[in-house]
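Coordinates as given in data32.cif (mmCIF, C-alpha atoms):
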data_final
#
loop_
_atom_site.group_PDB
_atom_site.id
_atom_site.type_symbol
_atom_site.label_atom_id
_atom_site.label_comp_id
_atom_site.auth_asym_id
_atom_site.auth_seq_id
_atom_site.Cartn_x
_atom_site.Cartn_y
_atom_site.Cartn_z
ATOM 1 C CA MET A 1 71.902 140.425 51.633
ATOM 2 C CA ASN A 2 68.794 142.678 51.587
ATOM 3 C CA ILE A 3 68.009 145.199 54.316
ATOM 4 C CA LYS A 4 65.403 142.959 55.996
ATOM 5 C CA LYS A 5 67.802 140.027 56.312
ATOM 6 C CA TRP A 6 70.530 142.373 57.533
ATOM 7 C CA LEU A 7 68.291 143.712 60.308
ATOM 8 C CA VAL A 8 67.383 140.166 61.372
ATOM 9 C CA PHE A 9 71.090 139.282 61.487
ATOM 10 C CA LEU A 10 71.905 142.331 63.633
ATOM 11 C CA LEU A 11 69.002 141.569 65.969
ATOM 12 C CA SER A 12 70.243 137.981 66.411
ATOM 13 C CA ILE A 13 73.728 139.222 67.316
ATOM 14 C CA LEU A 14 72.294 141.652 69.874
ATOM 15 C CA ILE A 15 70.194 138.904 71.483
ATOM 16 C CA ILE A 16 73.222 136.594 71.761
ATOM 17 C CA LEU A 17 75.328 139.364 73.330
ATOM 18 C CA SER A 18 72.526 140.211 75.738
ATOM 19 C CA LEU A 19 72.181 136.601 76.870
ATOM 20 C CA SER A 20 75.938 136.319 77.324
ATOM 21 C CA GLY A 21 75.900 139.410 79.512
ATOM 22 C CA CYS A 22 73.115 137.966 81.681
ATOM 23 C CA MET A 23 74.982 134.709 82.114
ATOM 24 C CA SER A 24 78.157 136.521 83.124
ATOM 25 C CA SER A 25 76.217 138.643 85.606
ATOM 26 C CA ASP A 26 74.615 135.586 87.219
ATOM 27 C CA ILE A 27 77.954 133.832 87.553
ATOM 28 C CA GLY A 28 79.431 136.929 89.131
ATOM 29 C CA HIS A 29 76.939 136.750 92.018
ATOM 30 C CA ASN A 30 78.336 133.359 93.075
ATOM 31 C CA ARG A 31 81.844 133.386 94.506
ATOM 32 C CA ASP A 32 83.750 130.514 96.015
ATOM 33 C CA VAL A 33 84.418 130.808 99.737
ATOM 34 C CA GLN A 34 88.120 130.726 100.503
ATOM 35 C CA ASP A 35 89.473 127.381 101.694
ATOM 36 C CA THR A 36 86.102 125.648 101.484
ATOM 37 C CA HIS A 37 84.040 123.814 98.915
ATOM 38 C CA PHE A 38 80.773 125.703 98.891
ATOM 39 C CA THR A 39 79.292 128.838 97.406
ATOM 40 C CA LEU A 40 78.487 131.950 99.413
ATOM 41 C CA GLU A 41 74.889 133.128 99.450
ATOM 42 C CA GLN A 42 73.854 136.571 100.608
ATOM 43 C CA ASP A 43 70.802 136.120 102.800
ATOM 44 C CA THR A 44 69.565 137.350 106.162
ATOM 45 C CA GLY A 45 67.368 134.320 106.753
ATOM 46 C CA VAL A 46 63.688 133.896 107.488
ATOM 47 C CA GLN A 47 62.663 131.982 110.577
ATOM 48 C CA ASN A 48 59.591 131.166 112.642
ATOM 49 C CA LYS A 49 58.924 131.316 116.363
ATOM 50 C CA ASN A 50 60.006 127.692 116.874
ATOM 51 C CA ASP A 51 63.486 128.243 115.447
ATOM 52 C CA LEU A 52 66.732 128.508 117.361
ATOM 53 C CA ILE A 53 68.797 131.325 115.849
ATOM 54 C CA VAL A 54 72.553 131.526 116.406
ATOM 55 C CA SER A 55 74.377 134.559 115.021
ATOM 56 C CA PHE A 56 78.154 134.498 114.790
ATOM 57 C CA ILE A 57 78.597 138.256 114.612
ATOM 58 C CA ASP A 58 81.407 139.584 112.451
ATOM 59 C CA VAL A 59 83.499 141.627 114.897
ATOM 60 C CA GLY A 60 86.782 141.269 113.046
ATOM 61 C CA GLN A 61 89.547 139.567 115.028
ATOM 62 C CA GLY A 62 87.419 138.523 117.976
ATOM 63 C CA ASP A 63 84.304 136.627 119.040
ATOM 64 C CA SER A 64 80.668 137.519 119.585
ATOM 65 C CA ILE A 65 77.786 135.044 119.413
ATOM 66 C CA LEU A 66 74.091 135.752 119.906
ATOM 67 C CA VAL A 67 71.811 132.816 120.752
ATOM 68 C CA GLN A 68 68.055 133.415 120.437
ATOM 69 C CA ALA A 69 65.920 130.562 121.759
ATOM 70 C CA PRO A 70 62.336 129.722 120.756
ATOM 71 C CA SER A 71 61.368 130.596 124.334
ATOM 72 C CA GLY A 72 62.316 134.205 123.655
ATOM 73 C CA LYS A 73 65.416 134.042 125.841
ATOM 74 C CA ASN A 74 68.658 135.570 124.609
ATOM 75 C CA MET A 75 72.246 134.643 125.394
ATOM 76 C CA LEU A 76 75.271 136.657 124.295
ATOM 77 C CA ILE A 77 78.713 135.072 124.334
ATOM 78 C CA ASP A 78 81.426 137.775 124.197
ATOM 79 C CA ALA A 79 81.331 141.055 122.269
ATOM 80 C CA GLY A 80 84.634 141.381 120.441
ATOM 81 C CA VAL A 81 87.179 144.189 120.766
ATOM 82 C CA PRO A 82 86.255 147.553 122.366
ATOM 83 C CA GLU A 83 85.650 149.123 118.951
ATOM 84 C CA ALA A 84 83.094 146.397 118.149
ATOM 85 C CA GLY A 85 80.794 147.252 121.056
ATOM 86 C CA GLU A 86 78.528 149.612 119.127
ATOM 87 C CA LYS A 87 78.378 147.191 116.207
ATOM 88 C CA VAL A 88 77.277 144.355 118.503
ATOM 89 C CA VAL A 89 74.643 146.555 120.149
ATOM 90 C CA SER A 90 73.341 147.620 116.745
ATOM 91 C CA TYR A 91 73.156 144.023 115.546
ATOM 92 C CA LEU A 92 71.323 142.859 118.674
ATOM 93 C CA LYS A 93 68.761 145.615 118.273
ATOM 94 C CA SER A 94 68.300 144.691 114.612
ATOM 95 C CA ARG A 95 67.481 141.160 115.795
ATOM 96 C CA GLY A 96 64.797 142.500 118.127
ATOM 97 C CA VAL A 97 66.795 141.980 121.319
ATOM 98 C CA ASN A 98 65.608 144.129 124.229
ATOM 99 C CA ASN A 99 67.252 142.249 127.075
ATOM 100 C CA ILE A 100 70.002 139.685 127.526
ATOM 101 C CA ASP A 101 69.029 136.840 129.832
ATOM 102 C CA ILE A 102 72.494 135.289 129.973
ATOM 103 C CA LEU A 103 75.756 137.108 129.279
ATOM 104 C CA ILE A 104 78.962 135.096 128.977
ATOM 105 C CA ALA A 105 82.466 136.561 129.109
ATOM 106 C CA THR A 106 84.433 133.494 128.048
ATOM 107 C CA HIS A 107 87.825 134.748 129.269
ATOM 108 C CA PRO A 108 89.475 138.123 129.973
ATOM 109 C CA HIS A 109 91.089 138.891 126.617
ATOM 110 C CA SER A 110 90.119 142.191 124.993
ATOM 111 C CA ASP A 111 89.074 140.599 121.681
ATOM 112 C CA HIS A 112 86.302 138.843 123.607
ATOM 113 C CA ILE A 113 85.351 141.220 126.435
ATOM 114 C CA GLY A 114 86.284 144.590 124.927
ATOM 115 C CA GLY A 115 82.810 145.341 123.586
ATOM 116 C CA LEU A 116 80.919 144.085 126.641
ATOM 117 C CA PRO A 117 80.784 147.416 128.547
ATOM 118 C CA GLU A 118 78.842 148.939 125.631
ATOM 119 C CA VAL A 119 76.478 145.950 125.662
ATOM 120 C CA ILE A 120 75.981 146.078 129.428
ATOM 121 C CA SER A 121 75.145 149.788 129.338
ATOM 122 C CA SER A 122 72.665 149.286 126.477
ATOM 123 C CA PHE A 123 70.578 146.321 127.639
ATOM 124 C CA SER A 124 68.923 144.858 130.695
ATOM 125 C CA ILE A 125 71.100 141.939 131.827
ATOM 126 C CA GLY A 126 69.831 138.870 133.682
ATOM 127 C CA GLU A 127 72.801 136.687 134.608
ATOM 128 C CA ILE A 128 76.463 137.234 133.839
ATOM 129 C CA TYR A 129 79.058 134.454 133.944
ATOM 130 C CA MET A 130 82.833 134.768 133.901
ATOM 131 C CA PRO A 131 85.661 132.353 134.756
ATOM 132 C CA LYS A 132 87.381 133.047 138.067
ATOM 133 C CA VAL A 133 90.459 134.787 136.693
ATOM 134 C CA SER A 134 91.493 138.403 136.234
ATOM 135 C CA ASN A 135 93.673 140.275 133.787
ATOM 136 C CA ASN A 136 95.593 143.480 134.381
ATOM 137 C CA THR A 137 94.299 145.328 131.338
ATOM 138 C CA TYR A 138 92.214 148.421 130.677
ATOM 139 C CA SER A 139 89.561 146.318 128.909
ATOM 140 C CA PHE A 140 89.117 144.051 131.928
ATOM 141 C CA GLU A 141 88.999 146.986 134.346
ATOM 142 C CA LYS A 142 86.419 148.733 132.176
ATOM 143 C CA LEU A 143 84.293 145.577 132.105
ATOM 144 C CA LEU A 144 84.347 145.290 135.899
ATOM 145 C CA ASN A 145 83.376 148.951 136.251
ATOM 146 C CA SER A 146 80.441 148.534 133.865
ATOM 147 C CA ILE A 147 79.257 145.496 135.833
ATOM 148 C CA LYS A 148 79.507 147.445 139.084
ATOM 149 C CA ARG A 149 77.626 150.454 137.702
ATOM 150 C CA LYS A 150 74.811 148.173 136.579
ATOM 151 C CA GLY A 151 74.636 146.491 139.986
ATOM 152 C CA LEU A 152 75.206 143.022 138.531
ATOM 153 C CA ARG A 153 76.593 140.059 140.427
ATOM 154 C CA VAL A 154 79.068 137.918 138.513
ATOM 155 C CA LYS A 155 78.565 134.163 138.674
ATOM 156 C CA THR A 156 81.615 131.940 138.348
ATOM 157 C CA ALA A 157 81.649 129.926 135.149
ATOM 158 C CA ARG A 158 82.750 126.308 135.455
ATOM 159 C CA ALA A 159 82.028 122.912 133.945
ATOM 160 C CA GLY A 160 78.683 121.421 134.931
ATOM 161 C CA ILE A 161 76.641 124.619 135.126
ATOM 162 C CA VAL A 162 73.292 124.329 133.357
ATOM 163 C CA LEU A 163 72.001 127.485 131.697
ATOM 164 C CA ASN A 164 68.273 128.173 131.572
ATOM 165 C CA MET A 165 67.422 129.060 127.984
ATOM 166 C CA GLY A 166 63.828 127.921 128.229
ATOM 167 C CA LYS A 167 61.823 124.903 127.161
ATOM 168 C CA GLY A 168 63.420 122.621 124.602
ATOM 169 C CA ILE A 169 66.957 123.976 125.025
ATOM 170 C CA ASP A 170 69.680 122.088 126.880
ATOM 171 C CA ALA A 171 72.693 124.350 127.463
ATOM 172 C CA THR A 172 75.558 123.172 129.675
ATOM 173 C CA MET A 173 79.044 124.462 130.415
ATOM 174 C CA LEU A 174 81.743 121.885 129.683
ATOM 175 C CA ALA A 175 84.714 124.069 130.650
ATOM 176 C CA PRO A 176 86.685 125.388 132.425
ATOM 177 C CA ASN A 177 87.453 122.238 134.400
ATOM 178 C CA SER A 178 90.392 123.490 136.476
ATOM 179 C CA ALA A 179 90.987 126.385 138.853
ATOM 180 C CA TYR A 180 94.315 127.393 137.323
ATOM 181 C CA TYR A 181 95.851 127.520 133.849
ATOM 182 C CA GLU A 182 99.071 129.090 132.631
ATOM 183 C CA ASP A 183 97.364 130.318 129.467
ATOM 184 C CA LEU A 184 94.316 132.575 129.886
ATOM 185 C CA ASN A 185 92.782 131.033 126.771
ATOM 186 C CA ASN A 186 92.266 127.738 128.601
ATOM 187 C CA TYR A 187 89.978 129.459 131.120
ATOM 188 C CA SER A 188 87.528 129.863 128.237
ATOM 189 C CA VAL A 189 83.921 128.977 128.919
ATOM 190 C CA VAL A 190 82.841 126.151 126.615
ATOM 191 C CA ILE A 191 79.110 125.610 126.142
ATOM 192 C CA LYS A 192 77.245 122.796 124.454
ATOM 193 C CA LEU A 193 73.735 123.699 123.386
ATOM 194 C CA ARG A 194 71.151 121.205 122.197
ATOM 195 C CA TYR A 195 67.876 121.896 120.454
ATOM 196 C CA GLY A 196 65.913 118.866 119.322
ATOM 197 C CA ASN A 197 68.216 116.703 117.240
ATOM 198 C CA THR A 198 70.718 119.495 116.618
ATOM 199 C CA ALA A 199 73.674 120.622 118.718
ATOM 200 C CA PHE A 200 76.140 123.512 118.842
ATOM 201 C CA LEU A 201 79.512 123.699 120.604
ATOM 202 C CA PHE A 202 80.853 127.142 121.531
ATOM 203 C CA THR A 203 84.527 126.914 122.462
ATOM 204 C CA GLY A 204 85.812 130.444 123.090
ATOM 205 C CA ASP A 205 89.606 130.410 122.842
ATOM 206 C CA SER A 206 90.028 127.049 124.561
ATOM 207 C CA GLY A 207 93.311 125.363 123.689
ATOM 208 C CA THR A 208 94.498 121.787 123.654
ATOM 209 C CA VAL A 209 94.920 121.711 127.460
ATOM 210 C CA SER A 210 91.225 122.436 127.970
ATOM 211 C CA GLU A 211 90.308 120.094 125.125
ATOM 212 C CA ARG A 212 92.175 117.233 126.812
ATOM 213 C CA GLU A 213 90.342 117.903 130.077
ATOM 214 C CA MET A 214 86.964 117.724 128.363
ATOM 215 C CA LEU A 215 87.936 114.498 126.631
ATOM 216 C CA LYS A 216 89.214 113.001 129.891
ATOM 217 C CA ALA A 217 85.972 113.954 131.666
ATOM 218 C CA GLY A 218 84.055 111.885 129.130
ATOM 219 C CA TYR A 219 81.666 114.636 128.078
ATOM 220 C CA ASP A 220 79.486 114.107 125.051
ATOM 221 C CA LEU A 221 81.153 116.648 122.775
ATOM 222 C CA SER A 222 79.335 115.694 119.578
ATOM 223 C CA ALA A 223 77.835 118.663 117.765
ATOM 224 C CA ASP A 224 76.561 119.573 114.332
ATOM 225 C CA VAL A 225 78.118 123.033 114.512
ATOM 226 C CA MET A 226 81.428 123.804 116.200
ATOM 227 C CA LYS A 227 82.737 127.296 116.773
ATOM 228 C CA VAL A 228 86.417 126.605 116.134
ATOM 229 C CA GLY A 229 88.569 127.428 119.153
ATOM 230 C CA HIS A 230 90.900 130.436 119.243
ATOM 231 C CA HIS A 231 90.036 131.743 115.787
ATOM 232 C CA GLY A 232 91.369 128.591 114.156
ATOM 233 C CA SER A 233 94.870 128.818 115.636
ATOM 234 C CA ALA A 234 97.270 125.887 115.556
ATOM 235 C CA TYR A 235 96.965 125.577 119.349
ATOM 236 C CA SER A 236 93.332 124.480 119.329
ATOM 237 C CA THR A 237 91.219 121.865 117.540
ATOM 238 C CA SER A 238 93.387 118.836 118.263
ATOM 239 C CA MET A 239 92.684 115.751 116.197
ATOM 240 C CA ASP A 240 91.255 113.870 119.200
ATOM 241 C CA PHE A 241 88.944 116.765 120.023
ATOM 242 C CA LEU A 242 87.790 117.110 116.430
ATOM 243 C CA ASN A 243 87.088 113.375 116.279
ATOM 244 C CA ALA A 244 84.970 113.622 119.430
ATOM 245 C CA VAL A 245 82.963 116.616 118.225
ATOM 246 C CA ASN A 246 82.658 115.261 114.678
ATOM 247 C CA PRO A 247 80.946 118.403 113.370
ATOM 248 C CA ARG A 248 79.251 118.814 110.022
ATOM 249 C CA TYR A 249 79.844 122.555 110.093
ATOM 250 C CA ALA A 250 82.568 124.727 111.590
ATOM 251 C CA VAL A 251 82.521 128.476 112.144
ATOM 252 C CA ILE A 252 85.741 130.458 112.436
ATOM 253 C CA SER A 253 85.440 133.963 113.864
ATOM 254 C CA VAL A 254 88.451 135.801 112.519
ATOM 255 C CA GLY A 255 89.587 139.174 111.207
ATOM 256 C CA LYS A 256 90.519 139.689 107.595
ATOM 257 C CA ASN A 257 94.293 139.866 107.014
ATOM 258 C CA ASN A 258 94.910 139.593 110.765
ATOM 259 C CA ASP A 259 98.426 139.720 112.243
ATOM 260 C CA TYR A 260 98.221 136.253 113.798
ATOM 261 C CA GLY A 261 97.933 134.108 110.697
ATOM 262 C CA HIS A 262 94.502 132.881 111.788
ATOM 263 C CA PRO A 263 93.107 130.508 110.805
ATOM 264 C CA ALA A 264 96.181 128.279 110.717
ATOM 265 C CA ARG A 265 96.673 126.143 107.651
ATOM 266 C CA VAL A 266 97.047 123.035 109.831
ATOM 267 C CA THR A 267 93.602 123.648 111.354
ATOM 268 C CA LEU A 268 91.975 124.181 107.963
ATOM 269 C CA ASN A 269 93.594 120.977 106.721
ATOM 270 C CA LYS A 270 92.188 119.018 109.677
ATOM 271 C CA LEU A 271 88.701 120.340 109.022
ATOM 272 C CA ARG A 272 88.995 119.571 105.333
ATOM 273 C CA ALA A 273 90.203 116.029 106.070
ATOM 274 C CA HIS A 274 87.076 115.535 108.195
ATOM 275 C CA HIS A 275 84.883 116.831 105.351
ATOM 276 C CA VAL A 276 83.625 119.689 107.526
ATOM 277 C CA THR A 277 81.932 122.628 105.807
ATOM 278 C CA VAL A 278 83.709 125.751 107.001
ATOM 279 C CA TYR A 279 82.242 129.232 107.339
ATOM 280 C CA ARG A 280 84.410 132.243 108.208
ATOM 281 C CA THR A 281 83.432 135.719 109.342
ATOM 282 C CA ASP A 282 86.290 137.283 107.364
ATOM 283 C CA VAL A 283 84.787 135.796 104.204
ATOM 284 C CA ASN A 284 81.060 135.405 104.895
ATOM 285 C CA GLY A 285 80.467 138.290 107.295
ATOM 286 C CA THR A 286 77.956 137.616 110.073
ATOM 287 C CA ILE A 287 76.935 133.961 109.945
ATOM 288 C CA ILE A 288 73.390 133.073 110.995
ATOM 289 C CA ALA A 289 72.577 129.435 111.746
ATOM 290 C CA ILE A 290 68.888 128.599 112.033
ATOM 291 C CA SER A 291 67.785 125.286 113.556
ATOM 292 C CA ASN A 292 64.236 123.946 113.591
ATOM 293 C CA GLY A 293 65.342 121.093 115.833
ATOM 294 C CA ASN A 294 66.013 118.727 112.955
ATOM 295 C CA ASN A 295 67.810 120.720 110.284
ATOM 296 C CA ILE A 296 70.208 123.660 110.270
ATOM 297 C CA SER A 297 70.366 126.280 107.541
ATOM 298 C CA PHE A 298 72.999 128.978 107.166
ATOM 299 C CA HIS A 299 72.534 132.559 106.044
ATOM 300 C CA PHE A 300 74.954 135.445 105.728
ATOM 301 C CA THR A 301 74.848 139.191 106.038
ATOM 302 C CA LYS A 302 77.496 141.874 105.707
ATOM 303 C CA MET A 303 77.577 144.623 108.331
ATOM 304 C CA TYR A 304 79.133 147.994 107.594
#

Have the structure of the file written as structure tokens, please.
Amino acid sequence: MNIKKWLVFLLSILIILSLSGCMSSDIGHNRDVQDTHFTLEQDTGVQNKNDLIVSFIDVGQGDSILVQAPSGKNMLIDAGVPEAGEKVVSYLKSRGVNNIDILIATHPHSDHIGGLPEVISSFSIGEIYMPKVSNNTYSFEKLLNSIKRKGLRVKTARAGIVLNMGKGIDATMLAPNSAYYEDLNNYSVVIKLRYGNTAFLFTGDSGTVSEREMLKAGYDLSADVMKVGHHGSAYSTSMDFLNAVNPRYAVISVGKNNDYGHPARVTLNKLRAHHVTVYRTDVNGTIIAISNGNNISFHFTKMY
């Protein structure tokens, strides 16, 4: 083989190796999401002024959901554990939030209300809703003190309350339906939000007792996106409730390697059996759902 042919041969080998490296690199950017059948994309999302934007903020083992309506109104549902408060505030500011029109404390557990004092001290608050129940914890006491310092008046959350999120948005509380529950989780505020032909169901930590009440009341529970109750525990998302909601997408707000075994395998199996696409904050990070009234797209961003 002469020198010219030898150089051509070496060049061919280098090109093949280079292409192989590119292919491997591209494949490496796509990773399967645990316990689901889709591929994770890294994207912050681009939207227009007519979009409804729902951010399921990654606060670890807890809940925090920001709803931004086309009208410009903002609703925040919970703010995670106390340590997540600054993270929630930072995320809201990154989304251009200057004031919170409606603040929801779904129930008095620290993984939902712990970060709210930081939020309340950082933003102008319009209305604040909480179920009529207390909890003898430092987190709950701190929340009440922050509300008092701000001069806010708490409105009692209960089924049937309509929330004003502006033109084109129908937001209604579907729970709690009773004045007393043994389990604080069942006091959780449940909200169904409609925009055009799309619907979201935010369930807090509501358990099967609350789910049965909503089913018995005959509410229209159908939704495209369901925030899975109680971080996907085995004590929420009953088969009857899941059948009634019949979601296309489910979001589980959960901490990575948490001590509770959330989400429960039985819950994941139910969702899989219903062919529901599942997104998880412990896998995807902050999950952003964007609805134009007809279609919903999902985007993901990691917060550090």

Item to check | Residues returned when the PyMOL selection byres ((chain A and resi 242-255) around 7) runs on this file, as a PyMOL selection string | outcome: chain A and resi 60-63+221-228+231-232+237-241+256-258+262+276-282

Those same residues - C-alpha atoms - I'd like them written as a tab-separated table (two decimals), in the frame of the given file.
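Listing of result29.tsv after writing:
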chain	number	residue	atom	x	y	z
A	60	GLY	CA	86.78	141.27	113.05
A	61	GLN	CA	89.55	139.57	115.03
A	62	GLY	CA	87.42	138.52	117.98
A	63	ASP	CA	84.30	136.63	119.04
A	221	LEU	CA	81.15	116.65	122.78
A	222	SER	CA	79.33	115.69	119.58
A	223	ALA	CA	77.83	118.66	117.76
A	224	ASP	CA	76.56	119.57	114.33
A	225	VAL	CA	78.12	123.03	114.51
A	226	MET	CA	81.43	123.80	116.20
A	227	LYS	CA	82.74	127.30	116.77
A	228	VAL	CA	86.42	126.60	116.13
A	231	HIS	CA	90.04	131.74	115.79
A	232	GLY	CA	91.37	128.59	114.16
A	237	THR	CA	91.22	121.86	117.54
A	238	SER	CA	93.39	118.84	118.26
A	239	MET	CA	92.68	115.75	116.20
A	240	ASP	CA	91.26	113.87	119.20
A	241	PHE	CA	88.94	116.76	120.02
A	256	LYS	CA	90.52	139.69	107.60
A	257	ASN	CA	94.29	139.87	107.01
A	258	ASN	CA	94.91	139.59	110.76
A	262	HIS	CA	94.50	132.88	111.79
A	276	VAL	CA	83.62	119.69	107.53
A	277	THR	CA	81.93	122.63	105.81
A	278	VAL	CA	83.71	125.75	107.00
A	279	TYR	CA	82.24	129.23	107.34
A	280	ARG	CA	84.41	132.24	108.21
A	281	THR	CA	83.43	135.72	109.34
A	282	ASP	CA	86.29	137.28	107.36

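Residue nearest Ala171 (chain A), chosen from A:Leu144, A:Ala234, A:Ile53, A:Ala199 and counting only C-alpha atoms: A:Ala199.
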
Item to check | Spatial sel., origin (86.8, 145.4, 127.0), limit 9 Å, all atoms listed in the file, listed as an NGL selection string | outcome: :A and (79-83 or 85 or 108-118 or 137-143)

Item to check | Interatomic distance, CA of Gly196 (chain A) to CA of Ile169 (chain A) (Å, one decimal) | outcome: 7.7 Å

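From CA of Lys167 (chain A) back to CA of Ser297 (chain A), the distance works out to 21.4 Å.
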
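Closest approach to Tyr181 (chain A) among A:Asn50, A:Ser233, A:Ser134, A:Asn284 is made by A:Ser134 (distances from only C-alpha atoms).
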
Checklist entry - Within 8 Å of Ser210 (chain A), counting all atoms listed in the file, which residues qualify if same-chain residues fewer than 2 places away don't, as a ChimeraX atom specification? => result /A:175-177,186-187,206-208,212-214

Next on the checklist: Taking the file as I've supplied it (selection: the PyMOL selection byres ((chain A and resi 67-74) around 9)), which residues are included? Please answer as a ChimeraX atom specification.
Outcome noted: /A:48-56,65-66,75-77,97,99-103,164-169,195

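The space between CA of Ser64 (chain A) and CA of Gly96 (chain A) spans 16.7 Å.
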
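For the residues A:Asp58, A:Asp259, A:Asp183, A:Asp78, ranking by smallest atom-to-atom distance to Tyr129 (chain A) using all atoms listed in the file places A:Asp78 first.
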
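You can rank A:Leu193, A:Ile296, A:Leu201, A:Ile104 by their closest distance to Ala157 (chain A) using all atoms listed in the file, and at the top of that list sits A:Ile104.
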
Checklist entry - Between A:Lys155, A:Arg194, A:Arg149, A:Lys87, which has the minimum distance to Asn292 (chain A) (counting all atoms listed in the file)? => result A:Arg194

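For the set A:Leu174, A:Leu184, A:Ala273, A:Ala217, the residue with the smallest atom-to-atom gap to Phe202 (chain A) is A:Leu174, counting only C-alpha atoms.
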